[in-house]
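**Q** Quick one: the structure is below, questions incoming.
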Amino acid sequence: MRFVKMHGIGNDYICIDCFAQTVANPANLARRISDRHFGVGADGLILILPSDIADAKMRIFNADGSEAEMCGNGIRCVAKYVHDHGISSNNPLRIETSAGIKTISLTLNEQNKVILATVDMGEPILEPSEIPVKIAQERAIDIPLETPKGIFKMTCVSMGNPHAVIFVDNVDKIPLHEIGPMIENHSLFPSRVNVHFVKVLSRKEVIMRTWERGSGETLACGTGASA
């Protein structure tokens with residue numbers, strides 16, 4: 001099997017060109033190949049596939065083998081691969097995902113290689129039933145969430161995949177490896193959830209720590225940053 005390892009600001013994925021080969025059991029492969037001790041090591045596995053409605057199709061599997069709807073950094077990697085390997089020369093590119101077709105604008109260097117990929121992430125989804133999160137309110141804003149580590153106020157957003165955003169004074173003091181799994185698997189979230197602890201520095205800058213559904217703590221999350 002041929003693969004490429006790529007990352008977007010540290011959010012790393014094993015990418016497989018399925019125009020040229022097939023993967024029989026991507027969920028099992030994702031678990032094996034993502035292992036950072038006995039595999040290649042990654043936040044997950046991405047399949048780059050033909051599409052009838054776009055330039056290519058992306059399927060993404062988390063490190064635990066579960067399939068995600070969308071990944072901002074992952075789709076940027078896919079866009080670079082699709083362009084640089086001659087699958088499509090369109091700019092912007094259109095990539096099919098489980099969260100719909102996303103458009104990626106490419107910046108090229110003198111060698112016609114992609115050096116920057118910018119994704120139109122689409123509009124955020126705020127309706128609780130569509131995120132999904134089990135609450136009665138019209139919007140999931142500052143909702144108290146009880147955990148064994150205390151009560152946190154969270155705001156829930158979907159960018160095609162579910163996110164819980166929690167504003168705190170110091171992200172470094174959050175025991176993310178304890179709290180992250182508790183919130184990810186909380187009964188309020190029927191599809192589990194990506195968890196982000198955020199400190200606001202200014203109206204133009206925040207610091208974010210992420211616990212990704214199915215992958216654990218990651219260095220970055222494109223859909224999470226948008227959420």
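As shown in the structure tokens, the chain order sets the letters A, B, ...; within each chain, residues go from 1, and ligands are also counted from 1 in the order they appear.
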Find the spatial neighbours of stretch 117-119 of chain A, counting only C-alpha atoms, within a cut-off of 8 Å - ignore same-chain residues fewer than 6 positions away - and output them as an MDAnalysis selection string.

**A** chainID A and resid 72 75:76 79:80 102:107

**Q** Produce a file of the selected residues containing N, CA, C and O atoms, as a short mmCIF file (atom, residue, chain, number, x, y, z; two decimals), in the first residue's frame.

**A**
```
data_model
loop_
_atom_site.label_atom_id
_atom_site.label_comp_id
_atom_site.auth_asym_id
_atom_site.auth_seq_id
_atom_site.Cartn_x
_atom_site.Cartn_y
_atom_site.Cartn_z
N GLY A 72 -11.19 20.24 8.75
CA GLY A 72 -10.66 21.41 8.06
C GLY A 72 -9.22 21.27 7.63
O GLY A 72 -8.86 21.57 6.49
N ILE A 75 -8.88 18.37 4.92
CA ILE A 75 -9.31 18.70 3.56
C ILE A 75 -8.30 19.61 2.87
O ILE A 75 -8.15 19.58 1.64
N ARG A 76 -7.56 20.39 3.64
CA ARG A 76 -6.48 21.20 3.04
C ARG A 76 -5.38 20.28 2.51
O ARG A 76 -4.81 20.53 1.44
N ALA A 79 -6.62 18.75 -0.69
CA ALA A 79 -6.57 19.70 -1.80
C ALA A 79 -5.16 19.80 -2.39
O ALA A 79 -4.98 19.81 -3.61
N LYS A 80 -4.15 19.85 -1.53
CA LYS A 80 -2.77 19.89 -2.02
C LYS A 80 -2.43 18.62 -2.79
O LYS A 80 -1.84 18.67 -3.88
N LYS A 102 -17.15 21.07 -0.14
CA LYS A 102 -16.40 22.22 0.37
C LYS A 102 -15.50 22.75 -0.75
O LYS A 102 -14.97 22.00 -1.56
N THR A 103 -15.33 24.07 -0.76
CA THR A 103 -14.52 24.75 -1.78
C THR A 103 -13.20 25.19 -1.17
O THR A 103 -13.19 25.80 -0.10
N ILE A 104 -12.10 24.89 -1.85
CA ILE A 104 -10.76 25.21 -1.33
C ILE A 104 -10.02 26.04 -2.36
O ILE A 104 -9.82 25.62 -3.51
N SER A 105 -9.62 27.24 -1.97
CA SER A 105 -8.83 28.12 -2.83
C SER A 105 -7.35 27.84 -2.62
O SER A 105 -6.88 27.75 -1.47
N LEU A 106 -6.59 27.73 -3.71
CA LEU A 106 -5.20 27.33 -3.64
C LEU A 106 -4.28 28.49 -4.02
O LEU A 106 -4.55 29.24 -4.96
N THR A 107 -3.19 28.62 -3.28
CA THR A 107 -2.09 29.52 -3.64
C THR A 107 -0.93 28.66 -4.10
O THR A 107 -0.52 27.74 -3.39
#
```

**Q** Step one, run DSSP on the backbone; step two, keep only residues of stretch 47-164 of chain A assigned to alpha helix (DSSP H); then write them as a PyMOL selection string.

**A** chain A and resi 72-84

**Q** Residues near A:Gly214, anyone? I mean within 8 Å using only C-alpha atoms, not counting same-chain ones fewer than 5 positions away, as a VMD selection string.

**A** chain A and resid 62 to 66

**Q** For stretch 10-22 of chain A, find every residue with an atom within 8 Å (counting only C-alpha atoms), except residues of its own chain fewer than 5 positions away, and show them as an MDAnalysis selection string.

**A** chainID A and resid 1:5 33:34 42:50 73:74 78 218:221

**Q** Print the selection's residues with N, CA, C and O atoms to a file, as a PDB file, in the first residue's frame.

**A**
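part-v5.pdb, written as the output of this step:
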```pdb
ATOM      1  N   MET A   1       0.837  -1.191   0.000  1.00  0.00           N
ATOM      2  CA  MET A   1       0.000   0.000   0.000  1.00  0.00           C
ATOM      3  C   MET A   1       0.875   1.245   0.000  1.00  0.00           C
ATOM      4  O   MET A   1       1.828   1.341   0.770  1.00  0.00           O
ATOM      5  N   ARG A   2       0.540   2.175  -0.860  1.00  0.00           N
ATOM      6  CA  ARG A   2       1.251   3.451  -0.891  1.00  0.00           C
ATOM      7  C   ARG A   2       0.447   4.498  -0.126  1.00  0.00           C
ATOM      8  O   ARG A   2      -0.774   4.581  -0.261  1.00  0.00           O
ATOM      9  N   PHE A   3       1.139   5.305   0.669  1.00  0.00           N
ATOM     10  CA  PHE A   3       0.459   6.346   1.423  1.00  0.00           C
ATOM     11  C   PHE A   3       1.358   7.567   1.509  1.00  0.00           C
ATOM     12  O   PHE A   3       2.561   7.505   1.251  1.00  0.00           O
ATOM     13  N   VAL A   4       0.747   8.682   1.871  1.00  0.00           N
ATOM     14  CA  VAL A   4       1.474   9.930   2.134  1.00  0.00           C
ATOM     15  C   VAL A   4       1.046  10.410   3.506  1.00  0.00           C
ATOM     16  O   VAL A   4      -0.143  10.376   3.830  1.00  0.00           O
ATOM     17  N   LYS A   5       1.993  10.853   4.323  1.00  0.00           N
ATOM     18  CA  LYS A   5       1.633  11.478   5.592  1.00  0.00           C
ATOM     19  C   LYS A   5       1.712  12.995   5.424  1.00  0.00           C
ATOM     20  O   LYS A   5       2.707  13.524   4.942  1.00  0.00           O
ATOM     21  N   ILE A  33      -2.881   1.982  11.662  1.00  0.00           N
ATOM     22  CA  ILE A  33      -1.867   2.864  11.086  1.00  0.00           C
ATOM     23  C   ILE A  33      -1.709   4.153  11.898  1.00  0.00           C
ATOM     24  O   ILE A  33      -0.655   4.785  11.872  1.00  0.00           O
ATOM     25  N   SER A  34      -2.750   4.547  12.649  1.00  0.00           N
ATOM     26  CA  SER A  34      -2.676   5.782  13.431  1.00  0.00           C
ATOM     27  C   SER A  34      -1.903   5.611  14.731  1.00  0.00           C
ATOM     28  O   SER A  34      -1.479   6.608  15.335  1.00  0.00           O
ATOM     29  N   ALA A  42      -0.634   8.967  13.588  1.00  0.00           N
ATOM     30  CA  ALA A  42      -1.400  10.068  13.000  1.00  0.00           C
ATOM     31  C   ALA A  42      -2.650  10.315  13.831  1.00  0.00           C
ATOM     32  O   ALA A  42      -3.025   9.503  14.676  1.00  0.00           O
ATOM     33  N   ASP A  43      -3.313  11.445  13.551  1.00  0.00           N
ATOM     34  CA  ASP A  43      -4.608  11.717  14.159  1.00  0.00           C
ATOM     35  C   ASP A  43      -5.724  10.953  13.457  1.00  0.00           C
ATOM     36  O   ASP A  43      -6.846  10.898  13.958  1.00  0.00           O
ATOM     37  N   GLY A  44      -5.418  10.373  12.296  1.00  0.00           N
ATOM     38  CA  GLY A  44      -6.429   9.602  11.590  1.00  0.00           C
ATOM     39  C   GLY A  44      -6.009   9.250  10.181  1.00  0.00           C
ATOM     40  O   GLY A  44      -4.867   9.493   9.762  1.00  0.00           O
ATOM     41  N   LEU A  45      -6.937   8.672   9.440  1.00  0.00           N
ATOM     42  CA  LEU A  45      -6.716   8.182   8.080  1.00  0.00           C
ATOM     43  C   LEU A  45      -7.659   8.905   7.127  1.00  0.00           C
ATOM     44  O   LEU A  45      -8.845   9.071   7.426  1.00  0.00           O
ATOM     45  N   ILE A  46      -7.130   9.335   5.971  1.00  0.00           N
ATOM     46  CA  ILE A  46      -7.946   9.981   4.949  1.00  0.00           C
ATOM     47  C   ILE A  46      -7.858   9.190   3.654  1.00  0.00           C
ATOM     48  O   ILE A  46      -6.762   8.847   3.196  1.00  0.00           O
ATOM     49  N   LEU A  47      -9.023   8.895   3.070  1.00  0.00           N
ATOM     50  CA  LEU A  47      -9.090   8.283   1.749  1.00  0.00           C
ATOM     51  C   LEU A  47      -9.446   9.370   0.737  1.00  0.00           C
ATOM     52  O   LEU A  47     -10.411  10.118   0.930  1.00  0.00           O
ATOM     53  N   ILE A  48      -8.653   9.473  -0.323  1.00  0.00           N
ATOM     54  CA  ILE A  48      -8.898  10.426  -1.407  1.00  0.00           C
ATOM     55  C   ILE A  48      -9.489   9.638  -2.570  1.00  0.00           C
ATOM     56  O   ILE A  48      -8.804   8.812  -3.182  1.00  0.00           O
ATOM     57  N   LEU A  49     -10.772   9.886  -2.860  1.00  0.00           N
ATOM     58  CA  LEU A  49     -11.544   9.032  -3.755  1.00  0.00           C
ATOM     59  C   LEU A  49     -12.103   9.809  -4.948  1.00  0.00           C
ATOM     60  O   LEU A  49     -12.253  11.034  -4.889  1.00  0.00           O
ATOM     61  N   PRO A  50     -12.458   9.102  -6.019  1.00  0.00           N
ATOM     62  CA  PRO A  50     -13.180   9.748  -7.112  1.00  0.00           C
ATOM     63  C   PRO A  50     -14.552  10.236  -6.641  1.00  0.00           C
ATOM     64  O   PRO A  50     -15.135   9.681  -5.712  1.00  0.00           O
ATOM     65  N   ASN A  73      -8.352  20.802   8.523  1.00  0.00           N
ATOM     66  CA  ASN A  73      -6.943  20.629   8.154  1.00  0.00           C
ATOM     67  C   ASN A  73      -6.773  19.450   7.203  1.00  0.00           C
ATOM     68  O   ASN A  73      -5.945  19.483   6.286  1.00  0.00           O
ATOM     69  N   GLY A  74      -7.556  18.393   7.416  1.00  0.00           N
ATOM     70  CA  GLY A  74      -7.474  17.234   6.540  1.00  0.00           C
ATOM     71  C   GLY A  74      -7.836  17.565   5.105  1.00  0.00           C
ATOM     72  O   GLY A  74      -7.172  17.127   4.160  1.00  0.00           O
ATOM     73  N   VAL A  78      -5.856  17.204   1.517  1.00  0.00           N
ATOM     74  CA  VAL A  78      -6.438  16.557   0.339  1.00  0.00           C
ATOM     75  C   VAL A  78      -6.334  17.478  -0.874  1.00  0.00           C
ATOM     76  O   VAL A  78      -5.967  17.037  -1.981  1.00  0.00           O
ATOM     77  N   THR A 218      -5.238  16.920  20.000  1.00  0.00           N
ATOM     78  CA  THR A 218      -4.545  17.196  18.743  1.00  0.00           C
ATOM     79  C   THR A 218      -3.947  18.589  18.793  1.00  0.00           C
ATOM     80  O   THR A 218      -4.381  19.443  19.575  1.00  0.00           O
ATOM     81  N   LEU A 219      -2.965  18.826  17.932  1.00  0.00           N
ATOM     82  CA  LEU A 219      -2.282  20.117  17.924  1.00  0.00           C
ATOM     83  C   LEU A 219      -3.107  21.224  17.279  1.00  0.00           C
ATOM     84  O   LEU A 219      -2.833  22.394  17.491  1.00  0.00           O
ATOM     85  N   ALA A 220      -4.079  20.832  16.469  1.00  0.00           N
ATOM     86  CA  ALA A 220      -4.922  21.816  15.800  1.00  0.00           C
ATOM     87  C   ALA A 220      -6.217  21.150  15.357  1.00  0.00           C
ATOM     88  O   ALA A 220      -6.285  19.929  15.252  1.00  0.00           O
ATOM     89  N   CYS A 221      -7.222  21.973  15.072  1.00  0.00           N
ATOM     90  CA  CYS A 221      -8.508  21.457  14.561  1.00  0.00           C
ATOM     91  C   CYS A 221      -9.161  22.581  13.759  1.00  0.00           C
ATOM     92  O   CYS A 221      -9.540  23.599  14.328  1.00  0.00           O
TER      93      CYS A 221
END
```

**Q** Have a look at A:Arg94, A:Met6, A:Arg32, A:Leu145 and name the one nearest to A:Asp52; count only C-alpha atoms.

**A**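 Between A:Arg94, A:Met6, A:Arg32, A:Leu145, the residue approaching A:Asp52 most closely is A:Arg94.
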
**Q** Might you pull out every residue within 12 Å of stretch 135-137 of chain A, with only C-alpha atoms counted and same-chain residues fewer than 2 positions away left off, and present them as a tab-separated table (two decimals) with all heavy atoms, in the first residue's frame?

**A**
```
chain	number	residue	atom	x	y	z
A	126	LEU	N	-26.42	25.96	14.33
A	126	LEU	CA	-26.63	26.29	15.74
A	126	LEU	C	-27.84	25.59	16.35
A	126	LEU	O	-28.04	25.64	17.55
A	126	LEU	CB	-26.78	27.81	15.89
A	126	LEU	CG	-25.58	28.64	15.36
A	126	LEU	CD1	-25.90	30.12	15.43
A	126	LEU	CD2	-24.33	28.33	16.14
A	127	GLU	N	-28.67	24.94	15.51
A	127	GLU	CA	-29.85	24.24	16.03
A	127	GLU	C	-29.40	22.99	16.79
A	127	GLU	O	-28.72	22.13	16.22
A	127	GLU	CB	-30.79	23.85	14.89
A	127	GLU	CG	-31.51	25.02	14.25
A	127	GLU	CD	-30.60	25.88	13.38
A	127	GLU	OE1	-29.53	25.37	12.97
A	127	GLU	OE2	-30.94	27.04	13.13
A	128	PRO	N	-29.77	22.86	18.07
A	128	PRO	CA	-29.30	21.74	18.89
A	128	PRO	C	-29.55	20.36	18.28
A	128	PRO	O	-28.68	19.49	18.32
A	128	PRO	CB	-30.06	21.92	20.20
A	128	PRO	CG	-30.29	23.39	20.29
A	128	PRO	CD	-30.54	23.83	18.88
A	129	SER	N	-30.71	20.17	17.66
A	129	SER	CA	-31.03	18.86	17.11
A	129	SER	C	-30.15	18.49	15.93
A	129	SER	O	-29.98	17.31	15.61
A	129	SER	CB	-32.50	18.81	16.69
A	129	SER	OG	-32.75	19.76	15.65
A	130	GLU	N	-29.59	19.50	15.26
A	130	GLU	CA	-28.76	19.25	14.08
A	130	GLU	C	-27.28	19.18	14.43
A	130	GLU	O	-26.46	18.80	13.59
A	130	GLU	CB	-29.01	20.32	13.02
A	130	GLU	CG	-30.42	20.30	12.46
A	130	GLU	CD	-30.62	21.31	11.35
A	130	GLU	OE1	-29.65	21.55	10.61
A	130	GLU	OE2	-31.73	21.86	11.24
A	131	ILE	N	-26.90	19.53	15.67
A	131	ILE	CA	-25.47	19.53	16.02
A	131	ILE	C	-24.90	18.11	16.14
A	131	ILE	O	-23.83	17.85	15.51
A	131	ILE	CB	-25.24	20.37	17.29
A	131	ILE	CG1	-25.52	21.86	16.97
A	131	ILE	CG2	-23.81	20.21	17.81
A	131	ILE	CD1	-25.50	22.78	18.16
A	132	PRO	N	-25.47	17.12	16.84
A	132	PRO	CA	-26.63	17.18	17.72
A	132	PRO	C	-26.22	17.25	19.20
A	132	PRO	O	-25.19	16.71	19.60
A	132	PRO	CB	-27.32	15.84	17.43
A	132	PRO	CG	-26.18	14.90	17.12
A	132	PRO	CD	-25.10	15.72	16.50
A	133	VAL	N	-27.08	17.93	19.98
A	133	VAL	CA	-26.92	17.96	21.43
A	133	VAL	C	-28.32	17.94	22.04
A	133	VAL	O	-29.23	18.62	21.56
A	133	VAL	CB	-26.12	19.21	21.89
A	133	VAL	CG1	-26.73	20.50	21.35
A	133	VAL	CG2	-26.00	19.27	23.40
A	139	ARG	N	-30.99	27.60	21.30
A	139	ARG	CA	-29.56	27.67	20.97
A	139	ARG	C	-28.76	27.12	22.16
A	139	ARG	O	-29.12	27.35	23.31
A	139	ARG	CB	-29.11	29.11	20.69
A	139	ARG	CG	-29.70	29.70	19.41
A	139	ARG	CD	-29.03	29.12	18.18
A	139	ARG	NE	-29.44	29.80	16.96
A	139	ARG	CZ	-30.47	29.43	16.20
A	139	ARG	NH1	-31.22	28.41	16.59
A	139	ARG	NH2	-30.76	30.08	15.09
A	140	ALA	N	-27.67	26.44	21.86
A	140	ALA	CA	-26.84	25.85	22.92
A	140	ALA	C	-25.74	26.83	23.30
A	140	ALA	O	-24.58	26.68	22.93
A	140	ALA	CB	-26.25	24.53	22.45
A	141	ILE	N	-26.10	27.87	24.03
A	141	ILE	CA	-25.16	28.92	24.42
A	141	ILE	C	-25.05	28.96	25.93
A	141	ILE	O	-26.07	29.06	26.64
A	141	ILE	CB	-25.60	30.29	23.88
A	141	ILE	CG1	-25.64	30.26	22.34
A	141	ILE	CG2	-24.66	31.39	24.36
A	141	ILE	CD1	-26.21	31.51	21.73
A	142	ASP	N	-23.82	28.84	26.45
A	142	ASP	CA	-23.56	28.88	27.90
A	142	ASP	C	-24.41	27.85	28.65
A	142	ASP	O	-25.00	28.14	29.70
A	142	ASP	CB	-23.81	30.28	28.47
A	142	ASP	CG	-22.67	31.23	28.15
A	142	ASP	OD1	-21.58	30.75	27.81
A	142	ASP	OD2	-22.88	32.46	28.24
A	143	ILE	N	-24.45	26.64	28.11
A	143	ILE	CA	-25.22	25.56	28.74
A	143	ILE	C	-24.37	24.92	29.85
A	143	ILE	O	-23.24	24.51	29.59
A	143	ILE	CB	-25.60	24.49	27.70
A	143	ILE	CG1	-26.41	25.11	26.56
A	143	ILE	CG2	-26.36	23.35	28.36
A	143	ILE	CD1	-27.71	25.72	26.98
A	144	PRO	N	-24.88	24.82	31.09
A	144	PRO	CA	-24.10	24.16	32.14
A	144	PRO	C	-23.92	22.67	31.84
A	144	PRO	O	-24.89	21.98	31.50
A	144	PRO	CB	-24.95	24.37	33.40
A	144	PRO	CG	-25.90	25.48	33.06
A	144	PRO	CD	-26.14	25.37	31.58
A	145	LEU	N	-22.70	22.20	31.95
A	145	LEU	CA	-22.39	20.80	31.71
A	145	LEU	C	-21.73	20.23	32.95
A	145	LEU	O	-20.63	20.66	33.33
A	145	LEU	CB	-21.46	20.66	30.50
A	145	LEU	CG	-21.03	19.23	30.15
A	145	LEU	CD1	-22.21	18.44	29.59
A	145	LEU	CD2	-19.88	19.25	29.15
A	154	MET	N	-20.81	25.55	28.34
A	154	MET	CA	-20.38	25.25	26.98
A	154	MET	C	-21.34	25.87	25.96
A	154	MET	O	-22.52	26.07	26.22
A	154	MET	CB	-20.33	23.74	26.75
A	154	MET	CG	-21.68	23.07	26.82
A	154	MET	SD	-21.66	21.35	26.35
A	154	MET	CE	-23.41	20.96	26.47
A	155	THR	N	-20.79	26.16	24.80
A	155	THR	CA	-21.57	26.58	23.65
A	155	THR	C	-21.34	25.56	22.56
A	155	THR	O	-20.19	25.21	22.26
A	155	THR	CB	-21.16	27.99	23.18
A	155	THR	OG1	-21.48	28.93	24.21
A	155	THR	CG2	-21.87	28.37	21.90
A	156	CYS	N	-22.41	25.07	21.95
A	156	CYS	CA	-22.31	23.99	20.97
A	156	CYS	C	-22.57	24.50	19.56
A	156	CYS	O	-23.49	25.29	19.33
A	156	CYS	CB	-23.28	22.87	21.31
A	156	CYS	SG	-22.95	22.10	22.91
A	187	SER	N	-23.60	11.98	27.85
A	187	SER	CA	-24.90	11.53	27.34
A	187	SER	C	-25.65	12.61	26.56
A	187	SER	O	-26.58	12.30	25.81
A	187	SER	CB	-25.77	11.04	28.51
A	187	SER	OG	-25.96	12.09	29.46
A	188	LEU	N	-25.25	13.87	26.71
A	188	LEU	CA	-25.89	14.94	25.95
A	188	LEU	C	-25.57	14.87	24.46
A	188	LEU	O	-26.28	15.47	23.64
A	188	LEU	CB	-25.46	16.31	26.49
A	188	LEU	CG	-26.09	16.80	27.80
A	188	LEU	CD1	-25.48	18.14	28.20
A	188	LEU	CD2	-27.60	16.92	27.66
A	189	PHE	N	-24.51	14.14	24.11
A	189	PHE	CA	-24.05	14.13	22.73
A	189	PHE	C	-24.23	12.74	22.11
A	189	PHE	O	-23.39	11.86	22.29
A	189	PHE	CB	-22.58	14.55	22.67
A	189	PHE	CG	-22.32	15.90	23.27
A	189	PHE	CD1	-21.72	16.02	24.52
A	189	PHE	CD2	-22.69	17.06	22.60
A	189	PHE	CE1	-21.49	17.25	25.08
A	189	PHE	CE2	-22.47	18.30	23.16
A	189	PHE	CZ	-21.87	18.40	24.41
A	190	PRO	N	-25.30	12.53	21.36
A	190	PRO	CA	-25.56	11.20	20.79
A	190	PRO	C	-24.53	10.75	19.77
A	190	PRO	O	-24.37	9.55	19.54
A	190	PRO	CB	-26.94	11.37	20.14
A	190	PRO	CG	-27.12	12.83	19.96
A	190	PRO	CD	-26.38	13.48	21.07
```

**Q** Which one is closest to A:Met182: A:Ile151, A:Val198, A:Val40, A:Cys71? Count only C-alpha atoms.

**A**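 Of A:Ile151, A:Val198, A:Val40, A:Cys71, the one nearest A:Met182 is A:Ile151, counting only C-alpha atoms.
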
**Q** Which is closer to A:Asp120 than all the others in A:Ile95, A:Leu108, A:Ile53, A:Ile183, using only C-alpha atoms?

**A**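 With only C-alpha atoms as the atom set, the closest residue is A:Ile95.
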